[in-house]
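Comments concern the structure below.
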Amino acid sequence: MIKFFRKIRYGLMEENKTGKYLKYAIGEIVLVIVGIIIALQINNWNQDRLTQNRIESRLVNLISDVENEVEEMDDVKESAKLRVIIIHGILKKNGKLKSIGWPDSISGQVAIDTIRNPNSRLSRLKTFDGNRPTYNELINSGEFYTIRNETLKRKIQNYYGSIDELRDAERWNNQETSLKIRSSKERLGIGTFSKVTLDELAEIAKNDKQFGAELETEINLDWTQARNLKALKQEALSLIEAIKSEIK
């Protein structure tokens, strides 16, 4: 093709047809420019396609991350609910429920007498860690900002923002109070795994005002933690469906 155009150009030069040669030369330049533009467009299209393929792959991985997080949410939520049941039982036995506005029973609770060593369970605080390798990869690579669905981007950002808020609340509320309870138990000569019945814990909380007050605070914090995890799970499930819809 190049030889063909070159032959035409030489022919015009030999015939001294300067006007036609200039027109031909300009046309050839235009063709070269158009060719370059088309090549750039094709290259950009290919790059965009590869980027979108990578994003789709990362979104598939993100679904897996969120599903794992949902499992962790359920585990932490059940742990928080169990602590609520134990503290509820303690406060019910020493007559402190009404003073903090709690009812005498909790719907859907497990039987309190089936819990082995409530003292040990009381010291077992679980918090939500979260797992965000895919989200971090999207942010660090800059690919997150190439996701075209703005609604999905906001949904992802809001979800991980909610995780950060939950973790902050757990750190400043649940963990702080749990450490105080553990410290009070050690002060009272109760180890983490000491065999202490619910009745004994109730009597200790009744006689030791600090320990009792800490339990009254903790039951509300654990309840809030379980409620927040329930809301976060709904947000996670909604995000999974949004990602699946985007991939389709």
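Residue numbering restarts at 1 for every chain of the structure tokens, chains are lettered A, B, ... in their displayed order, and ligands are numbered from 1 as they appear.
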
Next item on the list: Might you pull out every residue within 8 Å of region 188-203 of chain A, with only C-alpha atoms counted and same-chain residues fewer than 2 positions away left off, and present them as a list in words?
Entry: Ile86, Gly89, Ile90, Leu91, Lys93, Asn94, Asn117, Pro118, Asn119, Ser120, Ser123, Arg182, Ser184, Lys185, Glu186, Ala205, Lys206 and Asn207 of chain A

Please produce a file of the residues just selected, as a compact mmCIF listing (two decimals), in the first residue's frame, where the atoms kept are N, CA and C atoms.
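result-v2.txt, freshly written:
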```
# COMPACT_ATOMS: atom_id res chain seq x y z
N ILE A 86 -26.76 -13.25 79.33
CA ILE A 86 -26.10 -13.52 80.61
C ILE A 86 -26.24 -12.32 81.55
N GLY A 89 -29.72 -11.97 82.77
CA GLY A 89 -30.02 -12.92 83.85
C GLY A 89 -29.46 -12.45 85.19
N ILE A 90 -28.24 -11.88 85.16
CA ILE A 90 -27.61 -11.39 86.39
C ILE A 90 -28.43 -10.24 86.98
N LEU A 91 -28.77 -9.28 86.13
CA LEU A 91 -29.49 -8.09 86.60
C LEU A 91 -30.92 -8.43 87.02
N LYS A 93 -31.80 -11.25 88.48
CA LYS A 93 -31.70 -11.91 89.79
C LYS A 93 -31.41 -10.92 90.92
N ASN A 94 -30.70 -9.82 90.61
CA ASN A 94 -30.44 -8.86 91.69
C ASN A 94 -31.36 -7.64 91.63
N ASN A 117 -20.81 -22.20 82.34
CA ASN A 117 -19.90 -21.21 82.93
C ASN A 117 -20.16 -19.80 82.39
N PRO A 118 -21.26 -19.16 82.81
CA PRO A 118 -21.58 -17.80 82.33
C PRO A 118 -20.47 -16.79 82.59
N ASN A 119 -19.67 -17.02 83.64
CA ASN A 119 -18.56 -16.10 83.92
C ASN A 119 -17.56 -16.07 82.78
N SER A 120 -17.22 -17.24 82.25
CA SER A 120 -16.28 -17.31 81.13
C SER A 120 -16.86 -16.64 79.88
N SER A 123 -16.69 -12.88 79.81
CA SER A 123 -15.38 -12.29 79.49
C SER A 123 -15.01 -12.44 78.02
N ARG A 182 -13.57 -6.96 83.18
CA ARG A 182 -12.52 -7.94 83.45
C ARG A 182 -11.64 -7.49 84.61
N SER A 184 -12.54 -5.48 87.04
CA SER A 184 -13.32 -5.58 88.28
C SER A 184 -13.38 -7.02 88.76
N LYS A 185 -13.53 -7.95 87.83
CA LYS A 185 -13.58 -9.36 88.23
C LYS A 185 -12.25 -9.80 88.84
N GLU A 186 -11.16 -9.35 88.27
CA GLU A 186 -9.85 -9.68 88.84
C GLU A 186 -9.69 -9.07 90.23
N ALA A 205 -22.53 -8.74 91.84
CA ALA A 205 -22.91 -7.48 91.21
C ALA A 205 -23.78 -6.64 92.13
N LYS A 206 -24.55 -7.29 92.98
CA LYS A 206 -25.40 -6.58 93.92
C LYS A 206 -24.58 -5.92 95.02
N ASN A 207 -23.57 -6.61 95.47
CA ASN A 207 -22.75 -6.11 96.58
C ASN A 207 -21.66 -5.14 96.13
```

Checklist line | Which residue of A:Asn61, A:Thr217, A:Thr114, A:Asn53 approaches Glu143 (chain A) most closely, using only C-alpha atoms | finding: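 Checking each of A:Asn61, A:Thr217, A:Thr114, A:Asn53 against Glu143 (chain A), counting only C-alpha atoms, the winner is A:Asn53.
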
Note to self: Report as a PyMOL selection string all protein, DNA and RNA residues lying within 7 Å of region 68-73 of chain A, evaluated on only C-alpha atoms, omitting residues in the same chain fewer than 5 positions from it.
What the structure shows: chain A and resi 128+130-131+229+233+236

Atoms to include: C-alpha atoms. Write the selected residues as a PDB file, in the first residue's frame.
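Result file follows (result-v9.pdb):
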```pdb
ATOM      1  CA  PHE A 128     -16.009  -7.286  63.938  1.00  0.00           C
ATOM      2  CA  GLY A 130     -13.958  -6.984  58.454  1.00  0.00           C
ATOM      3  CA  ASN A 131     -12.030  -8.138  55.406  1.00  0.00           C
ATOM      4  CA  LEU A 229     -24.502  -5.757  63.105  1.00  0.00           C
ATOM      5  CA  LYS A 233     -25.781  -7.303  57.412  1.00  0.00           C
ATOM      6  CA  ALA A 236     -24.066  -6.067  52.960  1.00  0.00           C
TER       7      ALA A 236
END
```

Next item on the list: Could you give me the residues within region 181-246 of chain A that DSSP places in helix (DSSP H, G or I), as a ChimeraX atom specification?
Entry: /A:181-187,198-207,209-246

Just to be explicit: take each residue in the selection above, keep C-alpha atoms, and write the result as a tab-separated table (two decimals), in the first residue's frame.
```tsv
chain	number	residue	atom	x	y	z
A	181	ILE	CA	-15.50	-5.61	83.72
A	182	ARG	CA	-12.52	-7.94	83.45
A	183	SER	CA	-10.50	-5.65	85.72
A	184	SER	CA	-13.32	-5.58	88.28
A	185	LYS	CA	-13.58	-9.36	88.23
A	186	GLU	CA	-9.85	-9.68	88.84
A	187	ARG	CA	-10.16	-7.19	91.70
A	198	LEU	CA	-25.21	-16.94	87.54
A	199	ASP	CA	-26.56	-16.66	91.09
A	200	GLU	CA	-23.07	-15.97	92.42
A	201	LEU	CA	-22.43	-13.34	89.75
A	202	ALA	CA	-25.75	-11.70	90.61
A	203	GLU	CA	-24.85	-11.57	94.29
A	204	ILE	CA	-21.40	-10.13	93.52
A	205	ALA	CA	-22.91	-7.48	91.21
A	206	LYS	CA	-25.40	-6.58	93.92
A	207	ASN	CA	-22.75	-6.11	96.58
A	209	LYS	CA	-21.65	-1.30	92.96
A	210	GLN	CA	-18.84	-0.70	90.46
A	211	PHE	CA	-19.12	-4.19	88.97
A	212	GLY	CA	-22.90	-3.91	88.89
A	213	ALA	CA	-22.78	-0.51	87.16
A	214	GLU	CA	-20.36	-1.83	84.55
A	215	LEU	CA	-22.73	-4.69	83.75
A	216	GLU	CA	-25.63	-2.26	83.41
A	217	THR	CA	-23.60	-0.27	80.90
A	218	GLU	CA	-22.37	-3.34	79.03
A	219	ILE	CA	-25.80	-4.85	78.42
A	220	ASN	CA	-26.85	-1.72	76.54
A	221	LEU	CA	-23.61	-1.60	74.56
A	222	ASP	CA	-23.87	-5.29	73.62
A	223	TRP	CA	-27.47	-4.80	72.55
A	224	THR	CA	-26.45	-1.84	70.41
A	225	GLN	CA	-23.61	-3.87	68.89
A	226	ALA	CA	-26.00	-6.69	67.94
A	227	ARG	CA	-28.47	-4.20	66.47
A	228	ASN	CA	-25.76	-2.43	64.47
A	229	LEU	CA	-24.50	-5.76	63.11
A	230	LYS	CA	-28.01	-6.67	62.01
A	231	ALA	CA	-28.31	-3.37	60.12
A	232	LEU	CA	-24.84	-3.82	58.61
A	233	LYS	CA	-25.78	-7.30	57.41
A	234	GLN	CA	-28.78	-5.90	55.55
A	235	GLU	CA	-26.52	-3.31	53.95
A	236	ALA	CA	-24.07	-6.07	52.96
A	237	LEU	CA	-26.78	-8.22	51.38
A	238	SER	CA	-28.09	-5.22	49.47
A	239	LEU	CA	-24.57	-4.49	48.19
A	240	ILE	CA	-24.13	-8.09	47.02
A	241	GLU	CA	-27.32	-7.87	44.99
A	242	ALA	CA	-26.26	-4.52	43.50
A	243	ILE	CA	-22.89	-5.94	42.43
A	244	LYS	CA	-24.49	-9.03	40.91
A	245	SER	CA	-26.88	-6.81	38.97
A	246	GLU	CA	-23.96	-4.73	37.68
```

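Nearest residue to Ile115 (chain A) among A:Leu82, A:Ile100, A:Ile139, A:Ile163 is A:Leu82, counting only C-alpha atoms.
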
Would you list the contacts of Ile106 (chain A) as a PDB file with N, CA and C atoms, in the first residue's frame, taking every protein, DNA or RNA residue within 10 Å and counting only C-alpha atoms, but skipping same-chain residues closer than 6 positions in sequence?
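Result written to result.pdb:
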```
ATOM      1  N   VAL A  84     -25.649 -10.425  76.246  1.00  0.00           N
ATOM      2  CA  VAL A  84     -26.856  -9.716  76.687  1.00  0.00           C
ATOM      3  C   VAL A  84     -27.708 -10.634  77.566  1.00  0.00           C
ATOM      4  N   ILE A  85     -27.869 -11.892  77.129  1.00  0.00           N
ATOM      5  CA  ILE A  85     -28.677 -12.851  77.878  1.00  0.00           C
ATOM      6  C   ILE A  85     -28.089 -13.107  79.267  1.00  0.00           C
ATOM      7  N   HIS A  88     -28.430  -9.945  81.359  1.00  0.00           N
ATOM      8  CA  HIS A  88     -29.861  -9.803  81.659  1.00  0.00           C
ATOM      9  C   HIS A  88     -30.233 -10.723  82.818  1.00  0.00           C
ATOM     10  N   GLY A  89     -29.724 -11.966  82.773  1.00  0.00           N
ATOM     11  CA  GLY A  89     -30.018 -12.918  83.849  1.00  0.00           C
ATOM     12  C   GLY A  89     -29.456 -12.454  85.186  1.00  0.00           C
TER      13      GLY A  89
END
```

Note to self: Report, in Å with one decimal, the straight-line distance from CA of Lys81 (chain A) to CA of Tyr160 (chain A).
What the structure shows: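 That distance, rounded to one decimal, is 23.5 Å.
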
Note to self: One number please: CA of Ser64 (chain A) to CA of Thr134 (chain A), in Å, one decimal.
What the structure shows: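 Interatomic distance here is 9.3 Å.
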
Check: Using only C-alpha atoms, which of A:Lys126, A:Arg121, A:Lys248, A:Arg54 sits nearest Arg171 (chain A)?
Finding: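 Ranking A:Lys126, A:Arg121, A:Lys248, A:Arg54 by distance to Arg171 (chain A), first place goes to A:Lys126.
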
Next item on the list: Pick out the closest residue to Ile156 (chain A) from this set: A:Asn136, A:Ser141, A:Ser99, A:Thr127. Count only C-alpha atoms.
Entry: A:Asn136
